[in-house]
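Listing of entry.txt, compact mmCIF, C-alpha atoms
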# COMPACT_ATOMS: atom_id res chain seq x y z
CA MET Z 1 73.36 -70.80 23.70
CA LYS Z 2 69.84 -71.56 24.96
CA TYR Z 3 66.89 -69.93 22.96
CA THR Z 4 64.23 -68.10 25.01
CA PRO Z 5 60.89 -67.35 23.21
CA SER Z 6 59.69 -63.75 23.27
CA ARG Z 7 56.44 -62.66 24.87
CA ALA Z 8 54.88 -62.11 21.43
CA ALA Z 9 55.69 -65.63 20.29
CA LEU Z 10 54.28 -67.09 23.48
CA GLY Z 11 51.09 -65.09 22.94
CA VAL Z 12 50.59 -66.46 19.42
CA VAL Z 13 51.06 -70.02 20.64
CA ALA Z 14 48.51 -69.46 23.39
CA CYS Z 15 45.91 -68.10 20.94
CA LEU Z 16 46.35 -71.08 18.60
CA ALA Z 17 45.87 -73.44 21.50
CA ILE Z 18 42.60 -71.76 22.49
CA VAL Z 19 41.26 -71.87 18.90
CA LEU Z 20 42.14 -75.56 18.48
CA ALA Z 21 40.54 -76.40 21.78
CA GLY Z 22 37.35 -74.63 20.72
CA VAL Z 23 37.22 -76.49 17.44
CA ALA Z 24 37.71 -79.77 19.28
CA MET Z 25 34.82 -78.93 21.63
CA VAL Z 26 32.26 -78.10 18.86
CA THR Z 27 33.33 -80.74 16.32
CA PRO Z 28 31.46 -84.04 16.75
CA ALA Z 29 33.40 -87.27 17.07
CA GLY Z 30 34.62 -88.62 13.76
CA ALA Z 31 34.34 -85.21 12.00
CA SER Z 32 37.26 -83.35 10.54
CA LEU Z 33 38.12 -79.77 9.53
CA THR Z 34 38.13 -80.89 5.90
CA HIS Z 35 34.57 -82.10 6.24
CA ASP Z 36 33.50 -78.70 7.67
CA ALA Z 37 35.09 -76.82 4.80
CA GLN Z 38 33.26 -79.02 2.30
CA ALA Z 39 29.93 -78.31 4.06
CA VAL Z 40 30.50 -74.57 3.87
CA ALA Z 41 31.33 -74.82 0.16
CA LYS Z 42 27.97 -76.44 -0.48
CA HIS Z 43 26.08 -73.20 0.47
CA ASN Z 44 24.54 -71.32 -2.50
CA TRP Z 45 26.14 -67.94 -1.92
CA SER Z 46 24.58 -66.48 -5.07
CA LYS Z 47 21.10 -67.30 -3.72
CA ILE Z 48 21.99 -65.91 -0.30
CA TRP Z 49 23.15 -62.64 -1.93
CA ARG Z 50 20.00 -62.25 -4.02
CA GLN Z 51 17.52 -63.15 -1.30
CA LYS Z 52 19.19 -61.95 1.89
CA LEU Z 53 21.95 -59.42 1.34
CA GLN Z 54 21.10 -57.54 -1.89
CA PRO Z 55 17.65 -56.33 -0.70
CA LYS Z 56 19.25 -54.78 2.37
CA ALA Z 57 21.98 -53.17 0.25
CA ASP Z 58 19.38 -51.81 -2.19
CA GLN Z 59 17.55 -50.16 0.71
CA ARG Z 60 20.71 -48.49 2.01
CA TYR Z 61 22.71 -47.56 -1.13
CA TRP Z 62 22.13 -46.20 -4.64
CA THR Z 63 23.41 -48.28 -7.52
CA LYS Z 64 25.77 -46.51 -9.92
CA ALA Z 65 23.01 -46.32 -12.55
CA GLN Z 66 20.60 -44.82 -10.02
CA ALA Z 67 23.16 -42.28 -8.82
CA ASP Z 68 24.01 -41.25 -12.40
CA SER Z 69 20.34 -40.62 -13.21
CA LYS Z 70 19.62 -38.80 -9.93
CA TYR Z 71 22.61 -36.48 -9.56
CA ALA Z 72 24.40 -34.12 -11.93
CA GLY Z 73 27.57 -35.48 -13.33
CA ARG Z 74 30.56 -33.75 -14.84
CA THR Z 75 28.82 -33.37 -18.21
CA ASP Z 76 25.86 -31.58 -16.55
CA SER Z 77 27.80 -28.68 -14.99
CA TYR Z 78 30.15 -25.92 -16.06
CA THR Z 79 33.70 -25.53 -14.91
CA LYS Z 80 34.63 -22.10 -13.53
CA LEU Z 81 36.36 -21.26 -16.79
CA GLU Z 82 33.26 -22.21 -18.81
CA SER Z 83 31.00 -20.19 -16.50
CA ASP Z 84 33.30 -17.16 -16.68
CA SER Z 85 33.16 -17.25 -20.47
CA LYS Z 86 29.36 -17.67 -20.53
CA TYR Z 87 28.13 -15.28 -17.80
CA TYR Z 88 28.92 -11.74 -16.67
CA THR Z 89 31.21 -11.24 -13.72
CA LYS Z 90 30.28 -8.55 -11.18
CA ALA Z 91 32.71 -6.16 -12.87
CA ASP Z 92 31.11 -6.87 -16.26
CA SER Z 93 27.62 -6.24 -14.86
CA ASP Z 94 28.69 -3.05 -13.08
CA SER Z 95 30.11 -1.68 -16.33
CA LYS Z 96 27.02 -2.65 -18.34
CA TYR Z 97 24.11 -1.86 -16.00
CA TYR Z 98 23.18 1.00 -13.66
CA SER Z 99 23.43 0.44 -9.94
CA LYS Z 100 20.46 1.40 -7.71
CA THR Z 101 22.20 4.63 -6.70
CA GLU Z 102 22.96 5.52 -10.33
CA SER Z 103 19.34 4.81 -11.35
CA ASP Z 104 17.98 6.95 -8.49
CA THR Z 105 20.09 9.92 -9.62
CA LYS Z 106 19.47 9.41 -13.35
CA TYR Z 107 15.69 8.83 -13.46
CA GLN Z 108 12.72 10.59 -11.94
CA VAL Z 109 11.09 8.77 -9.04
CA LYS Z 110 7.59 7.53 -9.88
CA GLN Z 111 4.98 10.02 -8.67
CA LYS Z 112 2.63 9.06 -5.86
CA ILE Z 113 0.50 12.21 -5.85
CA TYR Z 114 -0.36 14.24 -8.97
CA ARG Z 115 -1.06 17.97 -8.60
CA GLY Z 116 -2.12 20.82 -10.84
CA THR Z 117 -4.04 24.10 -11.11
CA TYR Z 118 -7.32 24.97 -12.78
CA LEU Z 119 -9.30 28.08 -13.79
CA ALA Z 120 -12.84 28.15 -15.18
CA GLY Z 121 -14.51 31.34 -16.37
CA ALA Z 122 -17.31 32.86 -18.42
CA PRO Z 123 -17.33 36.21 -20.27
CA SER Z 124 -19.57 39.10 -19.28
CA THR Z 125 -23.13 38.04 -19.91
CA ALA Z 126 -26.46 37.71 -18.21
CA ALA Z 127 -26.91 36.05 -14.86
CA GLY Z 128 -27.17 32.27 -14.95
CA ALA Z 129 -24.47 31.62 -17.56
CA PHE Z 130 -22.73 28.31 -17.27
CA VAL Z 131 -19.08 28.36 -16.21
CA PHE Z 132 -17.20 25.25 -17.28
CA GLY Z 133 -13.64 24.04 -16.94
CA ASP Z 134 -11.74 20.77 -16.92
CA LEU Z 135 -8.61 19.11 -15.54
CA SER Z 136 -6.52 16.14 -16.65
CA TYR Z 137 -4.30 13.99 -14.42
CA GLY Z 138 -1.80 13.16 -17.16
CA VAL Z 139 -2.19 9.46 -16.33
CA THR Z 140 -4.94 6.89 -16.80
CA LEU Z 141 -6.22 5.18 -13.66
CA THR Z 142 -7.72 1.70 -13.40
CA ALA Z 143 -10.78 3.26 -11.73
CA ALA Z 144 -12.16 6.76 -11.27
CA PRO Z 145 -11.17 8.36 -7.94
CA THR Z 146 -13.59 9.66 -5.33
CA ALA Z 147 -13.94 13.37 -6.14
CA HIS Z 148 -14.22 16.30 -3.73
CA TYR Z 149 -14.66 20.03 -4.43
CA ILE Z 150 -13.58 22.20 -1.50
CA GLN Z 151 -14.87 25.77 -1.70
CA THR Z 152 -12.95 28.64 -0.14
CA GLY Z 153 -13.34 28.51 3.63
CA ALA Z 154 -14.99 25.07 3.65
CA ALA Z 155 -13.81 22.20 5.88
CA VAL Z 156 -11.43 19.72 4.28
CA PRO Z 157 -13.28 16.38 3.92
CA ALA Z 158 -11.97 12.90 4.69
CA GLY Z 159 -9.74 11.67 1.89
CA CYS Z 160 -8.21 15.13 1.39
CA SER Z 161 -5.57 17.11 3.24
CA GLY Z 162 -3.66 20.37 3.07
CA THR Z 163 -4.79 23.66 1.55
CA ALA Z 164 -5.10 25.28 -1.86
CA ALA Z 165 -1.46 26.31 -1.49
CA ALA Z 166 -0.37 22.74 -0.72
CA PRO Z 167 -3.11 20.29 -1.72
CA GLY Z 168 -3.01 16.65 -0.66
CA ALA Z 169 -5.07 13.55 -1.36
CA ASP Z 170 -5.33 10.01 0.02
CA PRO Z 171 -5.07 6.99 -2.31
CA GLY Z 172 -8.12 6.80 -4.56
CA HIS Z 173 -9.18 10.45 -4.06
CA LEU Z 174 -9.24 13.62 -6.19
CA CYS Z 175 -9.27 16.79 -4.10
CA VAL Z 176 -10.06 20.07 -5.89
CA PHE Z 177 -9.30 23.11 -3.72
CA GLU Z 178 -10.76 26.51 -4.55
CA SER Z 179 -8.68 29.64 -3.97
CA GLN Z 180 -10.62 32.27 -5.99
CA ALA Z 181 -14.28 32.66 -6.95
CA PHE Z 182 -16.13 35.67 -8.45
CA ASN Z 183 -19.75 36.11 -9.52
CA VAL Z 184 -20.55 32.41 -9.35
CA GLY Z 185 -23.31 30.67 -7.44
CA ALA Z 186 -22.98 28.41 -4.43
CA THR Z 187 -23.40 25.33 -6.61
CA ARG Z 188 -19.85 24.61 -7.71
CA PHE Z 189 -18.60 21.04 -8.10
CA VAL Z 190 -16.36 18.60 -9.91
CA THR Z 191 -18.15 16.20 -12.27
CA ASP Z 192 -17.74 13.30 -14.68
CA LEU Z 193 -18.83 13.44 -18.33
CA ALA Z 194 -22.50 13.02 -17.34
CA PHE Z 195 -22.49 16.05 -14.99
CA ASN Z 196 -22.91 13.94 -11.87
CA ALA Z 197 -21.82 16.08 -8.92
CA SER Z 198 -18.72 15.01 -6.94
CA THR Z 199 -17.56 12.49 -9.54
CA ALA Z 200 -14.59 12.13 -11.90
CA THR Z 201 -13.26 9.86 -14.64
CA PRO Z 202 -10.09 7.68 -14.77
CA THR Z 203 -8.32 10.44 -16.77
CA GLY Z 204 -9.68 13.69 -15.36
CA ALA Z 205 -12.82 15.67 -14.53
CA TRP Z 206 -15.01 18.61 -15.50
CA LEU Z 207 -15.74 21.65 -13.29
CA TYR Z 208 -19.12 23.38 -13.13
CA ALA Z 209 -20.66 26.60 -11.79
CA SER Z 210 -22.98 29.37 -13.04
CA THR Z 211 -22.92 33.16 -12.82
CA VAL Z 212 -25.24 35.04 -10.46
CA GLY Z 213 -25.07 38.52 -11.97
CA ALA Z 214 -24.75 40.25 -15.34
CA ASN Z 215 -20.98 40.15 -15.27
CA TYR Z 216 -18.19 37.76 -16.06
CA GLY Z 217 -17.58 34.99 -13.55
CA PHE Z 218 -14.77 32.63 -12.72
CA PHE Z 219 -13.44 30.24 -10.08
CA GLY Z 220 -10.09 28.49 -9.79
CA GLY Z 221 -7.51 26.88 -7.52
CA THR Z 222 -5.43 23.72 -7.27
CA TRP Z 223 -6.00 19.99 -7.15
CA ALA Z 224 -4.29 16.82 -5.93
CA MET Z 225 -4.96 13.22 -6.93
CA GLN Z 226 -3.40 10.02 -5.62
CA PRO Z 227 -4.09 6.78 -7.52
CA GLY Z 228 -5.69 4.00 -5.54
CA GLY Z 229 -4.25 1.39 -7.92
CA ALA Z 230 -2.25 1.29 -11.14
CA ALA Z 231 -1.71 4.46 -13.18
CA THR Z 232 -0.32 4.46 -16.72
CA VAL Z 233 1.14 7.48 -18.47
CA SER Z 234 -1.38 8.97 -20.86
CA SER Z 235 1.17 10.23 -23.41
CA LEU Z 236 4.77 9.67 -24.43
CA LYS Z 237 5.66 13.09 -23.05
CA GLY Z 238 5.16 11.91 -19.47
CA ALA Z 239 2.68 12.54 -16.71
CA SER Z 240 2.13 16.28 -17.01
CA PRO Z 241 -1.34 17.72 -16.28
CA SER Z 242 -3.14 19.54 -19.09
CA PHE Z 243 -6.16 21.82 -19.12
CA GLY Z 244 -8.78 22.53 -21.73
CA PRO Z 245 -10.23 25.93 -22.62
CA THR Z 246 -13.08 27.34 -20.55
CA VAL Z 247 -16.44 27.90 -22.17
CA GLY Z 248 -19.10 30.42 -21.21
CA MET Z 249 -22.67 29.87 -22.29
CA PRO Z 250 -25.82 31.86 -21.48
CA HIS Z 251 -28.35 29.88 -19.50
Starting from the file, give its structure as C-alpha cells.
Amino acid sequence: MKYTPSRAALGVVACLAIVLAGVAMVTPAGASLTHDAQAVAKHNWSKIWRQKLQPKADQRYWTKAQADSKYAGRTDSYTKLESDSKYYTKADSDSKYYSKTESDTKYQVKQKIYRGTYLAGAPSTAAGAFVFGDLSYGVTLTAAPTAHYIQTGAAVPAGCSGTAAAPGADPGHLCVFESQAFNVGATRFVTDLAFNASTATPTGAWLYASTVGANYGFFGGTWAMQPGGAATVSSLKGASPSFGPTVGMPH
C-alpha cells in the first residue's frame, strides 16, 4: 500500500525548508549553527537585565515589597464576621438610637423667636414718678439685639413685624409692642443697664416711663426677640422668659 502524506505534514516540511533557507542566506560562509549558539551564550544577560530591562519593569510595575507597603493586606482589614462583631448593624443602631422622626416627636424644636409679655407700673403718687419694668429672654445672646419700643398706634419699624397680639422680630432685633398705657408720659422706651434709650443687653432689657399726673401709672404689652447669632439657655429649666417686679419712685 502506497503512503500519501497529509496536508498538515506537507505544511510542516515546507516551513522547515523556509527556515533552513533563511539561515543559509544570513550565515556567512564557513560558519555553523553551533558557532551562532556559542556567540549568543557569550552575552551577559544579567547585565542586560539590570541596565536595559529592569529599569523599564520598575517604571511599569510595583515590586512585591512596594505593593505590600502601599496597599492594605489581609492583616490590615476586617472580615465581615469580625466587622459584625465589632460594629453595630443597622438593626442594632435602630434599637439603640432615636431616628430623626422619633427625635422630632420626642424633643422640642429649638426656638427661633422668643416671645413674652411685660407690665410696668407705679403706685398712686405725684406727677413725674418713675415707672420701671424689665424683661428677660430666657437665653443669653452673643451680642445685644437692636431694640425697638413701639407705642400704641405707632408705625412698626424695620426689623419688627406683627402686632401686640402677634409680635414678630427679625434676626438680631428685640421688638417691644405696647398694648396698654395709662398716666404715663410720651417718653417711653426700652433701655440697657445704663438707661440708654432703644438699647438692650444680651439677656434682657429694662423699660422706662414716668407719670404725668398725681395718680398711679402703668404701661404694658408683648415682645418678640430673634437671636442674630448663637443663643444659650440661661438656666437648666429651659428658655422661659421671666419678669422682675416693677418699682415706682417719686421724681
Using all atoms listed in the file, tabulate the residues of region 164-194 of chain Z lying at most 12 Å from any atom of region 210-218 of chain Z, each with its closest atom pair and that distance in Å to one decimal, by chain and increasing residue number, as JSON lines.
{"residue": "Z:Glu178", "atom": "CA", "partner": "Z:Phe218", "partner_atom": "CA", "distance": 11.0}
{"residue": "Z:Ser179", "atom": "CA", "partner": "Z:Phe218", "partner_atom": "CA", "distance": 11.1}
{"residue": "Z:Gln180", "atom": "CA", "partner": "Z:Phe218", "partner_atom": "CA", "distance": 7.9}
{"residue": "Z:Ala181", "atom": "CA", "partner": "Z:Phe218", "partner_atom": "CA", "distance": 5.8}
{"residue": "Z:Phe182", "atom": "CA", "partner": "Z:Gly217", "partner_atom": "CA", "distance": 5.3}
{"residue": "Z:Asn183", "atom": "CA", "partner": "Z:Gly217", "partner_atom": "CA", "distance": 4.7}
{"residue": "Z:Val184", "atom": "CA", "partner": "Z:Thr211", "partner_atom": "CA", "distance": 4.3}
{"residue": "Z:Gly185", "atom": "CA", "partner": "Z:Val212", "partner_atom": "CA", "distance": 5.7}
{"residue": "Z:Ala186", "atom": "CA", "partner": "Z:Ser210", "partner_atom": "CA", "distance": 8.7}
{"residue": "Z:Thr187", "atom": "CA", "partner": "Z:Ser210", "partner_atom": "CA", "distance": 7.6}
{"residue": "Z:Arg188", "atom": "CA", "partner": "Z:Ser210", "partner_atom": "CA", "distance": 7.8}
{"residue": "Z:Phe189", "atom": "CA", "partner": "Z:Ser210", "partner_atom": "CA", "distance": 10.6}
May I ask which of the residues Z:Gly133, Z:Gly168, Z:Gly221, Z:Lys80 is the closest one to Trp206 (chain Z), counting all atoms listed in the file?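 Among the listed residues, the smallest separation from Trp206 (chain Z) belongs to Z:Gly133.
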Between CA of Ala224 (chain Z) and CA of Pro171 (chain Z), what is the spacing in Å?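 That distance, rounded to one decimal, is 10.5 Å.
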Compute the distance from (-1.9, -0.1, -11.8) to each atom, counting only C-alpha atoms, keep the residues with any atom at most 10 Å away, and return them as a VMD selection string; use the coordinates of the file. chain Z and resid 140 to 143 227 to 232
With C-alpha atoms retained, export the selected residues as a PDB file, keeping the file's coordinate frame.
ATOM      1  CA  THR Z 140      -4.940   6.890 -16.800  1.00  0.00           C
ATOM      2  CA  LEU Z 141      -6.220   5.180 -13.660  1.00  0.00           C
ATOM      3  CA  THR Z 142      -7.720   1.700 -13.400  1.00  0.00           C
ATOM      4  CA  ALA Z 143     -10.780   3.260 -11.730  1.00  0.00           C
ATOM      5  CA  PRO Z 227      -4.090   6.780  -7.520  1.00  0.00           C
ATOM      6  CA  GLY Z 228      -5.690   4.000  -5.540  1.00  0.00           C
ATOM      7  CA  GLY Z 229      -4.250   1.390  -7.920  1.00  0.00           C
ATOM      8  CA  ALA Z 230      -2.250   1.290 -11.140  1.00  0.00           C
ATOM      9  CA  ALA Z 231      -1.710   4.460 -13.180  1.00  0.00           C
ATOM     10  CA  THR Z 232      -0.320   4.460 -16.720  1.00  0.00           C
TER      11      THR Z 232
END
From (-13.6, 4.7, -12.6), in the file's coordinates, out to 10 Å: which residues are reached, counting only C-alpha atoms? Answer as a JSON list (two decimals) with C-alpha atoms, keeping the file's coordinate frame.
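This is the output file point_37.json:
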[["chain", "number", "residue", "atom", "x", "y", "z"],
["Z", 140, "THR", "CA", -4.94, 6.89, -16.80],
["Z", 141, "LEU", "CA", -6.22, 5.18, -13.66],
["Z", 142, "THR", "CA", -7.72, 1.70, -13.40],
["Z", 143, "ALA", "CA", -10.78, 3.26, -11.73],
["Z", 144, "ALA", "CA", -12.16, 6.76, -11.27],
["Z", 145, "PRO", "CA", -11.17, 8.36, -7.94],
["Z", 146, "THR", "CA", -13.59, 9.66, -5.33],
["Z", 172, "GLY", "CA", -8.12, 6.80, -4.56],
["Z", 192, "ASP", "CA", -17.74, 13.30, -14.68],
["Z", 199, "THR", "CA", -17.56, 12.49, -9.54],
["Z", 200, "ALA", "CA", -14.59, 12.13, -11.90],
["Z", 201, "THR", "CA", -13.26, 9.86, -14.64],
["Z", 202, "PRO", "CA", -10.09, 7.68, -14.77],
["Z", 203, "THR", "CA", -8.32, 10.44, -16.77]]
Straight-line distance linking CA of Asp84 (chain Z) with CA of Tyr97 (chain Z), stated in Å to one decimal: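 Between these atoms lies a distance of 17.9 Å.
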Output as AutoDock Vina command-line options the centre and edge lengths (Å, one decimal) of the box along x, y and z of the file that holds every listed atom of region 193-203 of chain Z after adding 6 Å on each side.
--center_x -15.6 --center_y 11.9 --center_z -12.6 --size_x 26.6 --size_y 20.4 --size_z 23.4
So what do you get for CA of Ser161 (chain Z) versus CA of Val176 (chain Z), distance-wise?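 CA of Ser161 (chain Z) sits 10.6 Å away from CA of Val176 (chain Z).
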Taking all atoms listed in the file into account, name the residue in Z:Ala205, Z:Ala164, Z:Ser198, Z:Lys96 that is nearest to Gly138 (chain Z).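 With all atoms listed in the file as the atom set, the closest residue is Z:Ala205.
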From the set Z:Leu119, Z:Ile48, Z:His43, Z:Glu82, which residue has the shortest atom-to-atom contact distance to Val131 (chain Z), counting all atoms listed in the file?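 Ranked by minimum distance to Val131 (chain Z), first place goes to Z:Leu119.
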